[in-house]
>>> print(open('protein-v8.pdb').read())   # PDB, C-alpha atoms
ATOM      1  CA  MET A   1      57.752 176.348  22.825
ATOM      2  CA  GLU A   2      60.980 175.128  21.227
ATOM      3  CA  ASP A   3      62.912 177.666  23.373
ATOM      4  CA  LYS A   4      61.371 176.324  26.575
ATOM      5  CA  ARG A   5      62.413 172.743  25.668
ATOM      6  CA  ARG A   6      65.986 173.862  24.912
ATOM      7  CA  ARG A   7      66.250 175.632  28.272
ATOM      8  CA  ALA A   8      64.963 172.531  30.106
ATOM      9  CA  ARG A   9      67.631 170.372  28.425
ATOM     10  CA  VAL A  10      70.349 172.803  29.449
ATOM     11  CA  GLN A  11      69.197 172.786  33.068
ATOM     12  CA  GLY A  12      69.093 168.971  33.062
ATOM     13  CA  ALA A  13      72.675 168.883  31.800
ATOM     14  CA  TRP A  14      73.799 171.020  34.721
ATOM     15  CA  ALA A  15      71.867 168.795  37.168
ATOM     16  CA  GLY A  16      73.577 165.591  35.897
ATOM     17  CA  PRO A  17      77.179 166.379  36.922
ATOM     18  CA  ALA A  18      75.994 167.621  40.311
ATOM     19  CA  LYS A  19      74.343 164.215  40.969
ATOM     20  CA  SER A  20      77.403 162.196  39.907
ATOM     21  CA  GLN A  21      79.628 164.409  42.081
ATOM     22  CA  ALA A  22      77.485 163.653  45.108
ATOM     23  CA  THR A  23      77.675 159.910  44.397
ATOM     24  CA  ALA A  24      81.460 159.979  44.099
ATOM     25  CA  GLN A  25      81.981 161.750  47.414
ATOM     26  CA  PRO A  26      82.374 158.527  49.599
ATOM     27  CA  ALA A  27      85.033 157.255  47.217
ATOM     28  CA  ALA A  28      86.929 160.481  47.609
ATOM     29  CA  THR A  29      86.678 160.138  51.407
ATOM     30  CA  ALA A  30      88.029 156.549  51.268
ATOM     31  CA  ARG A  31      90.920 157.645  49.054
ATOM     32  CA  SER A  32      91.803 160.369  51.528
ATOM     33  CA  HIS A  33      93.057 157.626  53.982
ATOM     34  CA  LEU A  34      95.843 156.870  51.545
ATOM     35  CA  HIS A  35      97.302 160.311  52.237
ATOM     36  CA  GLN A  36      97.449 159.852  56.073
ATOM     37  CA  ARG A  37     100.821 159.672  57.733
ATOM     38  CA  PRO A  38     102.305 156.138  57.964
ATOM     39  CA  GLY A  39     101.152 154.292  61.099
ATOM     40  CA  GLN A  40      98.387 156.768  61.885
ATOM     41  CA  THR A  41      95.587 154.217  61.528
ATOM     42  CA  TRP A  42      97.577 151.544  63.463
ATOM     43  CA  MET A  43      98.270 154.016  66.255
ATOM     44  CA  ASN A  44      94.584 154.727  66.641
ATOM     45  CA  GLN A  45      93.844 150.989  66.885
ATOM     46  CA  GLU A  46      96.720 150.466  69.328
ATOM     47  CA  HIS A  47      95.368 153.122  71.676
ATOM     48  CA  GLN A  48      92.038 151.374  71.655
ATOM     49  CA  LEU A  49      93.688 148.020  72.490
ATOM     50  CA  LEU A  50      95.745 149.567  75.275
ATOM     51  CA  ASP A  51      92.616 150.992  76.826
ATOM     52  CA  LYS A  52      91.052 147.533  76.828
ATOM     53  CA  GLN A  53      94.065 145.402  77.843
ATOM     54  CA  PHE A  54      95.682 147.190  80.748
ATOM     55  CA  VAL A  55      93.015 147.002  83.424
ATOM     56  CA  PHE A  56      94.605 146.621  86.867
ATOM     57  CA  LYS A  57      93.270 143.809  89.005
ATOM     58  CA  GLU A  58      94.287 143.069  92.562
ATOM     59  CA  PRO A  59      96.391 139.838  92.527
ATOM     60  CA  GLN A  60      94.798 136.916  94.308
ATOM     61  CA  GLN A  61      96.921 135.476  97.093
ATOM     62  CA  VAL A  62      97.303 131.683  96.989
ATOM     63  CA  VAL A  63      96.879 130.280 100.491
ATOM     64  CA  ARG A  64      98.454 126.862 101.055
ATOM     65  CA  ARG A  65      96.756 124.875 103.791
ATOM     66  CA  ALA A  66      97.817 121.700 105.542
ATOM     67  CA  PRO A  67      95.393 118.900 104.616
ATOM     68  CA  GLU A  68      93.120 117.374 107.242
ATOM     69  CA  PRO A  69      94.134 113.829 108.221
ATOM     70  CA  ARG A  70      92.214 110.978 106.665
ATOM     71  CA  VAL A  71      90.554 108.888 109.375
ATOM     72  CA  ILE A  72      90.494 105.127 108.863
ATOM     73  CA  ASP A  73      88.379 103.230 111.377
ATOM     74  CA  LYS A  74      86.493 100.618 109.343
ATOM     75  CA  GLU A  75      87.623  97.129 108.410
ATOM     76  CA  GLY A  76      89.174  96.959 104.965
ATOM     77  CA  VAL A  77      92.205  97.219 102.728
ATOM     78  CA  TYR A  78      93.394 100.769 101.995
ATOM     79  CA  GLU A  79      95.937 101.850  99.391
ATOM     80  CA  ILE A  80      97.034 105.142 100.909
ATOM     81  CA  SER A  81      99.591 106.141  98.240
ATOM     82  CA  VAL A  82     101.234 105.099  94.981
ATOM     83  CA  SER A  83     104.781 106.165  94.094
ATOM     84  CA  PRO A  84     107.789 104.896  92.127
ATOM     85  CA  THR A  85     108.679 102.968  95.295
ATOM     86  CA  GLY A  86     105.418 101.043  95.119
ATOM     87  CA  ILE A  87     101.942 100.928  96.662
ATOM     88  CA  SER A  88     101.594 101.743 100.371
ATOM     89  CA  ARG A  89      98.856  99.508 101.742
ATOM     90  CA  LEU A  90      97.078  99.177 105.101
ATOM     91  CA  CYS A  91      94.832  96.301 106.175
ATOM     92  CA  LEU A  92      92.650  97.050 109.215
ATOM     93  CA  TYR A  93      90.826  94.337 111.188
ATOM     94  CA  PRO A  94      88.958  95.705 114.228
ATOM     95  CA  GLY A  95      87.942  92.949 116.642
ATOM     96  CA  PHE A  96      90.514  90.512 115.255
ATOM     97  CA  ILE A  97      90.672  89.174 118.820
ATOM     98  CA  ASP A  98      87.227  89.103 120.487
ATOM     99  CA  LEU A  99      86.751  91.090 123.686
ATOM    100  CA  LYS A 100      86.801  88.219 126.192
ATOM    101  CA  GLU A 101      89.963  86.707 124.731
ATOM    102  CA  ALA A 102      91.538  90.172 124.397
ATOM    103  CA  ASP A 103      90.940  90.845 128.109
ATOM    104  CA  TRP A 104      92.656  87.573 129.015
ATOM    105  CA  VAL A 105      95.581  88.229 126.630
ATOM    106  CA  LEU A 106      96.168  91.695 128.113
ATOM    107  CA  GLU A 107      96.343  90.248 131.613
ATOM    108  CA  GLN A 108      98.755  87.523 130.502
ATOM    109  CA  LEU A 109     101.061  89.954 128.674
ATOM    110  CA  CYS A 110     101.350  92.192 131.715
ATOM    111  CA  GLU A 111     102.518  89.195 133.764
ATOM    112  CA  VAL A 112     104.760  87.101 131.490
ATOM    113  CA  VAL A 113     106.604  89.653 129.303
ATOM    114  CA  PRO A 114     109.910  90.977 130.808
ATOM    115  CA  TRP A 115     109.156  94.664 130.299
ATOM    116  CA  LYS A 116     112.067  97.094 130.486
ATOM    117  CA  GLN A 117     112.568 100.835 129.974
ATOM    118  CA  ARG A 118     115.520 101.301 127.666
ATOM    119  CA  THR A 119     117.806 104.254 127.007
ATOM    120  CA  GLY A 120     117.772 105.769 123.547
ATOM    121  CA  ILE A 121     120.278 108.043 121.825
ATOM    122  CA  ARG A 122     119.507 111.088 119.705
ATOM    123  CA  GLU A 123     122.304 112.173 117.415
ATOM    124  CA  GLY A 124     123.735 115.567 118.306
ATOM    125  CA  PRO A 125     124.580 118.264 115.762
ATOM    126  CA  ILE A 126     127.913 117.793 113.954
ATOM    127  CA  PHE A 127     129.827 115.875 116.647
ATOM    128  CA  SER A 128     128.981 112.555 118.258
ATOM    129  CA  PHE A 129     129.955 113.808 121.728
ATOM    130  CA  LEU A 130     126.888 116.059 121.514
ATOM    131  CA  ASP A 131     124.568 113.017 121.290
ATOM    132  CA  ILE A 132     121.713 113.081 123.786
ATOM    133  CA  THR A 133     120.649 110.050 125.816
ATOM    134  CA  TYR A 134     117.067 109.720 127.037
ATOM    135  CA  LYS A 135     114.741 107.211 128.642
ATOM    136  CA  GLN A 136     112.228 105.820 126.167
ATOM    137  CA  PRO A 137     108.717 106.951 127.180
ATOM    138  CA  ARG A 138     107.387 103.363 127.166
ATOM    139  CA  LEU A 139     108.488  99.841 128.128
ATOM    140  CA  THR A 140     109.651  97.298 125.545
ATOM    141  CA  ALA A 141     110.584  93.648 125.070
ATOM    142  CA  TRP A 142     112.005  91.640 122.145
ATOM    143  CA  TYR A 143     111.477  88.080 120.912
ATOM    144  CA  GLY A 144     113.422  86.493 118.063
ATOM    145  CA  GLU A 145     116.416  84.375 117.138
ATOM    146  CA  LEU A 146     118.333  87.444 115.962
ATOM    147  CA  PRO A 147     119.097  90.778 117.596
ATOM    148  CA  TYR A 148     117.348  93.916 116.390
ATOM    149  CA  THR A 149     118.811  97.429 116.282
ATOM    150  CA  TYR A 150     116.790 100.614 115.889
ATOM    151  CA  SER A 151     117.430 104.188 117.034
ATOM    152  CA  ARG A 152     120.891 102.996 118.123
ATOM    153  CA  ILE A 153     119.304 100.571 120.604
ATOM    154  CA  THR A 154     120.154  96.884 120.178
ATOM    155  CA  MET A 155     117.678  94.294 121.423
ATOM    156  CA  GLU A 156     119.487  91.057 122.227
ATOM    157  CA  PRO A 157     118.208  87.737 120.820
ATOM    158  CA  ASN A 158     115.460  86.121 122.866
ATOM    159  CA  PRO A 159     114.115  82.845 121.432
ATOM    160  CA  HIS A 160     111.947  82.006 124.465
ATOM    161  CA  TRP A 161     108.447  82.933 123.317
ATOM    162  CA  PRO A 162     105.674  82.608 125.921
ATOM    163  CA  ALA A 163     102.813  80.366 124.783
ATOM    164  CA  VAL A 164     100.366  83.277 124.503
ATOM    165  CA  LEU A 165     102.642  85.082 122.021
ATOM    166  CA  ARG A 166     103.207  81.994 119.901
ATOM    167  CA  THR A 167      99.446  81.452 119.738
ATOM    168  CA  LEU A 168      98.851  85.034 118.597
ATOM    169  CA  LYS A 169     101.639  84.758 116.004
ATOM    170  CA  ASP A 170     100.136  81.534 114.584
ATOM    171  CA  GLN A 171      96.671  83.114 114.476
ATOM    172  CA  ILE A 172      97.905  86.160 112.529
ATOM    173  CA  GLU A 173      99.920  84.054 110.069
ATOM    174  CA  GLU A 174      96.969  81.746 109.421
ATOM    175  CA  ASN A 175      94.593  84.638 108.702
ATOM    176  CA  THR A 176      96.900  86.930 106.699
ATOM    177  CA  GLY A 177      99.204  84.567 104.808
ATOM    178  CA  HIS A 178     102.274  86.432 106.083
ATOM    179  CA  THR A 179     104.967  84.807 108.233
ATOM    180  CA  PHE A 180     107.068  86.404 110.963
ATOM    181  CA  ASN A 181     110.107  85.392 113.007
ATOM    182  CA  SER A 182     110.385  88.290 115.473
ATOM    183  CA  LEU A 183     108.293  90.469 117.758
ATOM    184  CA  LEU A 184     108.776  93.911 119.318
ATOM    185  CA  CYS A 185     106.451  94.491 122.285
ATOM    186  CA  ASN A 186     105.545  97.988 123.520
ATOM    187  CA  LEU A 187     103.783  98.863 126.779
ATOM    188  CA  TYR A 188     102.286 102.359 127.036
ATOM    189  CA  ARG A 189     101.681 102.725 130.769
ATOM    190  CA  ASP A 190      99.438 105.793 130.516
ATOM    191  CA  GLU A 191      98.692 108.851 128.362
ATOM    192  CA  LYS A 192     102.229 110.215 128.888
ATOM    193  CA  ASP A 193     103.887 107.269 127.122
ATOM    194  CA  SER A 194     104.423 107.582 123.374
ATOM    195  CA  VAL A 195     106.618 106.806 120.390
ATOM    196  CA  ASP A 196     107.871 109.566 118.105
ATOM    197  CA  TRP A 197     107.763 109.768 114.305
ATOM    198  CA  HIS A 198     109.722 106.957 112.637
ATOM    199  CA  SER A 199     109.633 104.284 109.941
ATOM    200  CA  ASP A 200     110.342 100.597 110.408
ATOM    201  CA  ASP A 201     112.875 100.682 107.593
ATOM    202  CA  GLU A 202     115.974  99.211 109.193
ATOM    203  CA  PRO A 203     118.105  97.268 106.692
ATOM    204  CA  SER A 204     117.642  94.059 108.691
ATOM    205  CA  LEU A 205     113.920  94.104 107.816
ATOM    206  CA  GLY A 206     114.601  93.917 104.084
ATOM    207  CA  ARG A 207     112.902  95.815 101.297
ATOM    208  CA  CYS A 208     109.167  96.593 101.687
ATOM    209  CA  PRO A 209     108.753  94.839 105.059
ATOM    210  CA  VAL A 210     105.379  93.642 106.331
ATOM    211  CA  ILE A 211     104.581  94.740 109.891
ATOM    212  CA  ALA A 212     101.629  93.257 111.799
ATOM    213  CA  SER A 213     100.531  95.442 114.722
ATOM    214  CA  LEU A 214      98.154  93.924 117.303
ATOM    215  CA  SER A 215      96.771  96.182 120.063
ATOM    216  CA  PHE A 216      95.324  95.464 123.512
ATOM    217  CA  GLY A 217      94.008  97.774 126.216
ATOM    218  CA  ALA A 218      93.209 101.458 125.899
ATOM    219  CA  THR A 219      92.446 102.930 122.483
ATOM    220  CA  ARG A 220      95.278 105.121 121.237
ATOM    221  CA  ALA A 221      95.599 107.150 118.051
ATOM    222  CA  PHE A 222      98.019 105.748 115.481
ATOM    223  CA  GLU A 223      99.097 108.606 113.218
ATOM    224  CA  MET A 224     100.845 108.460 109.846
ATOM    225  CA  ARG A 225     102.369 111.109 107.610
ATOM    226  CA  ARG A 226     103.753 110.799 104.103
ATOM    227  CA  LYS A 227     107.413 111.631 103.599
ATOM    228  CA  PRO A 228     107.755 114.942 101.692
ATOM    229  CA  PRO A 229     109.180 115.126  98.149
ATOM    230  CA  PRO A 230     112.789 116.361  97.784
ATOM    231  CA  GLU A 231     111.734 119.886  96.781
ATOM    232  CA  GLU A 232     110.094 120.381 100.206
ATOM    233  CA  ASN A 233     113.501 120.029 101.941
ATOM    234  CA  GLY A 234     112.175 117.846 104.748
ATOM    235  CA  ASP A 235     109.152 120.052 105.510
ATOM    236  CA  TYR A 236     106.221 117.894 106.686
ATOM    237  CA  THR A 237     103.753 120.804 106.978
ATOM    238  CA  TYR A 238     101.693 120.041 103.868
ATOM    239  CA  VAL A 239     102.041 116.270 103.537
ATOM    240  CA  GLU A 240      99.193 113.756 103.525
ATOM    241  CA  ARG A 241      98.218 112.341 106.914
ATOM    242  CA  VAL A 242      96.265 109.344 108.170
ATOM    243  CA  LYS A 243      94.814 108.757 111.631
ATOM    244  CA  ILE A 244      93.734 105.327 112.883
ATOM    245  CA  PRO A 245      92.211 104.686 116.322
ATOM    246  CA  LEU A 246      93.584 101.304 117.404
ATOM    247  CA  ASP A 247      91.095  99.594 119.719
ATOM    248  CA  HIS A 248      91.313  96.614 122.047
ATOM    249  CA  GLY A 249      91.915  93.499 119.891
ATOM    250  CA  THR A 250      92.518  95.397 116.611
ATOM    251  CA  LEU A 251      95.026  94.154 114.008
ATOM    252  CA  LEU A 252      96.725  96.538 111.564
ATOM    253  CA  ILE A 253      98.934  95.277 108.717
ATOM    254  CA  MET A 254     101.365  97.697 107.033
ATOM    255  CA  GLU A 255     102.809  96.423 103.767
ATOM    256  CA  GLY A 256     104.212  97.432 100.389
ATOM    257  CA  ALA A 257     106.046 100.760 100.339
ATOM    258  CA  THR A 258     104.501 101.978 103.616
ATOM    259  CA  GLN A 259     107.800 102.085 105.510
ATOM    260  CA  ALA A 260     109.679 103.657 102.590
ATOM    261  CA  ASP A 261     107.130 106.414 101.932
ATOM    262  CA  TRP A 262     105.471 107.039 105.319
ATOM    263  CA  GLN A 263     106.279 107.639 108.982
ATOM    264  CA  HIS A 264     104.096 106.743 111.965
ATOM    265  CA  ARG A 265     103.806 107.503 115.668
ATOM    266  CA  VAL A 266     101.671 107.105 118.788
ATOM    267  CA  PRO A 267     101.537 110.629 120.254
ATOM    268  CA  ARG A 268     101.329 111.599 123.886
ATOM    269  CA  GLU A 269      97.796 112.435 124.980
ATOM    270  CA  TYR A 270      96.405 114.912 127.491
ATOM    271  CA  HIS A 271      93.470 112.891 128.794
ATOM    272  CA  SER A 272      93.843 109.986 131.181
ATOM    273  CA  ARG A 273      94.494 106.670 129.433
ATOM    274  CA  GLU A 274      94.674 103.154 130.818
ATOM    275  CA  PRO A 275      97.649 100.936 129.831
ATOM    276  CA  ARG A 276      97.977  99.765 126.247
ATOM    277  CA  ILE A 277     100.119  96.939 124.837
ATOM    278  CA  ASN A 278     101.094  96.820 121.185
ATOM    279  CA  LEU A 279     102.694  93.765 119.567
ATOM    280  CA  THR A 280     104.512  94.382 116.277
ATOM    281  CA  PHE A 281     105.358  91.167 114.453
ATOM    282  CA  ARG A 282     108.044  91.390 111.775
ATOM    283  CA  THR A 283     110.671  89.378 109.895
ATOM    284  CA  VAL A 284     114.346  90.023 110.608
ATOM    285  CA  TYR A 285     116.916  88.715 108.121
ATOM    286  CA  PRO A 286     120.405  87.517 109.097
ATOM    287  CA  ASP A 287     123.224  89.837 108.143
ATOM    288  CA  PRO A 288     125.580  88.306 105.544
ATOM    289  CA  GLY A 289     128.426  90.133 107.261
ATOM    290  CA  GLY A 290     127.819  88.318 110.518
ATOM    291  CA  THR A 291     126.744  91.321 112.630
ATOM    292  CA  GLY A 292     123.584  89.572 113.778
ATOM    293  CA  GLY A 293     120.696  90.910 111.754
ATOM    294  CA  VAL A 294     121.994  94.453 111.268
ATOM    295  CA  ARG A 295     123.060  95.080 107.717
ATOM    296  CA  PRO A 296     125.684  97.799 107.167
TER     297      PRO A 296
END
>>> encode(input="protein-v8.pdb", output="structure tokens")
Amino acid sequence: MEDKRRRARVQGAWAGPAKSQATAQPAATARSHLHQRPGQTWMNQEHQLLDKQFVFKEPQQVVRRAPEPRVIDKEGVYEISVSPTGISRLCLYPGFIDLKEADWVLEQLCEVVPWKQRTGIREGPIFSFLDITYKQPRLTAWYGELPYTYSRITMEPNPHWPAVLRTLKDQIEENTGHTFNSLLCNLYRDEKDSVDWHSDDEPSLGRCPVIASLSFGATRAFEMRRKPPPEENGDYTYVERVKIPLDHGTLLIMEGATQADWQHRVPREYHSREPRINLTFRTVYPDPGGTGGVRP
């Protein structure tokens, strides 16, 4: 019996080391990483990152589109832009002159205003002898104590305002709080008559001029576009635009930085249009140099 117990103890002694050896095996495996070549573990991780990071995707093309024009056709005050120059503001008053009075005014203006088609000059490239003369595609007239020069056309002073124009001027001043001393009249005989892109920013009008535009006759589209920033190099493709249908008897006021930051036009149309008269009241300042309202 004593021999059997001794043999059991001996067998248990052999079993003990075997168990501790099995328990120590993970530690030996962990220590084996210390004997890997330098960078081996990092390289394995890097390959995994490379597999995840460098997945080719087709680049998305950015398409730049010209914005649709904003249509303004309801009465109100509209701030169309804000810039370092200032706020560009429009005030629209449809039906400023009621229909019956507007009909009578249109008839009077056709009779009493001395309409004339004037010759304009477009500057030629490089040399002045390449300038191009052309007939303005509309008729015009000027009223004011001072002359007015635009597009190299000088309108001579004409202080003899017909009664109908003085009445309209007084009515606008009373309702808007602005005062004016001059008036440029435009007669668009049909759909072929127009005025090209421009700003009323002549030096004789001063800084941030107020222009009051009163329309009679056929409805024509009055279009505006914002002047592009310097980085666009004069490209108007992607600038903001505004479109205003000017009806019979409608008053539009342009003020603030509108002339500095925007251009406007009345484009030619391709559907038959009856005559339209547009009166643009403005203030012309005398030139300190004595050149009659045209500052150098």
>>> closest_residue(input="protein-v8.pdb", among="A:Val62, A:Ile211, A:Leu90, A:Val164", to="A:Ser199", atoms="only C-alpha atoms")
A:Ile211
>>> resolve_selection(input="protein-v8.pdb", expression="the PyMOL selection byres ((chain A and resi 147) around 10)", output="PyMOL selection string")
chain A and resi 142-146+148-149+154-158+182+204+284-286+291-294
>>> closest_residue(input="protein-v8.pdb", among="A:Pro229, A:Gly177, A:Gly249, A:Pro84", to="A:Val210", atoms="only C-alpha atoms")
A:Gly177
>>> atom_distance(input="protein-v8.pdb", atom1="atom CA of A:Lys169", atom2="atom CA of A:Phe281")
7.6 Å
>>> atom_distance(input="protein-v8.pdb", atom1="atom CA of A:Asp131", atom2="atom CA of A:Trp197")
18.5 Å
>>> residues_around(input="protein-v8.pdb", residues="A:Leu279", least_positions_apart="6", cutoff="8 Å", atoms="all atoms listed in the file", output="ChimeraX atom specification")
/A:183-186,212-215
>>> residues_around(input="protein-v8.pdb", residues="A:Gln136", least_positions_apart="2", cutoff="8 Å", atoms="only C-alpha atoms", output="list in words")
Gln117, Arg118, Thr119, Gly120, Tyr134, Arg138 and Leu139 of chain A
>>> atom_distance(input="protein-v8.pdb", atom1="atom CA of A:Pro209", atom2="atom CA of A:Gly256")
7.0 Å
>>> closest_residue(input="protein-v8.pdb", among="A:Arg64, A:Arg70, A:Arg273, A:Arg152", to="A:Thr133", atoms="all atoms listed in the file")
A:Arg152
>>> closest_residue(input="protein-v8.pdb", among="A:Phe222, A:Tyr188, A:Phe180, A:Tyr78", to="A:Ile277", atoms="all atoms listed in the file")
A:Tyr188
>>> residues_around(input="protein-v8.pdb", residues="A:Leu92", least_positions_apart="5", cutoff="10 Å", atoms="all atoms listed in the file", output="list in words")
Ile72, Asp73, Lys74, Glu75, Gly76, Val77, Tyr78, Ser213, Ile244, Leu246, Thr250, Leu251, Leu252, Ile253 and Met254 of chain A
>>> closest_residue(input="protein-v8.pdb", among="A:Gly86, A:Gly95, A:Pro228, A:Pro275", to="A:Ala257", atoms="only C-alpha atoms")
A:Gly86
>>> closest_residue(input="protein-v8.pdb", among="A:Ile87, A:Cys110, A:Met224, A:Ala218", to="A:Glu240", atoms="only C-alpha atoms")
A:Met224
>>> resolve_selection(input="protein-v8.pdb", expression="the PyMOL selection byres ((chain A and resi 272) around 9)", output="compact mmCIF listing (two decimals) with C-alpha atoms, keeping the file's coordinate frame")
# COMPACT_ATOMS: atom_id res chain seq x y z
CA ASP A 190 99.44 105.79 130.52
CA GLU A 191 98.69 108.85 128.36
CA LYS A 192 102.23 110.22 128.89
CA GLU A 269 97.80 112.44 124.98
CA TYR A 270 96.40 114.91 127.49
CA HIS A 271 93.47 112.89 128.79
CA ARG A 273 94.49 106.67 129.43
CA GLU A 274 94.67 103.15 130.82
>>> residues_around(input="protein-v8.pdb", residues="A:Glu101", least_positions_apart="4", cutoff="12 Å", atoms="only C-alpha atoms", output="NGL selection string")
:A and (95-97 or 105-108 or 164 or 167-168 or 216-217 or 248-249)
>>> resolve_selection(input="protein-v8.pdb", expression="the PyMOL selection byres ((chain A and resi 113) around 10)", output="list of chain:residue names")
A:Gln108, A:Leu109, A:Cys110, A:Glu111, A:Val112, A:Pro114, A:Trp115, A:Lys116, A:Thr140, A:Ala141, A:Trp142, A:Tyr143, A:Trp161, A:Pro162, A:Leu165, A:Cys185, A:Leu187
>>> residues_around(input="protein-v8.pdb", residues="A:Asp261", least_positions_apart="5", cutoff="8 Å", atoms="all atoms listed in the file", output="PyMOL selection string")
chain A and resi 85+88+226-227
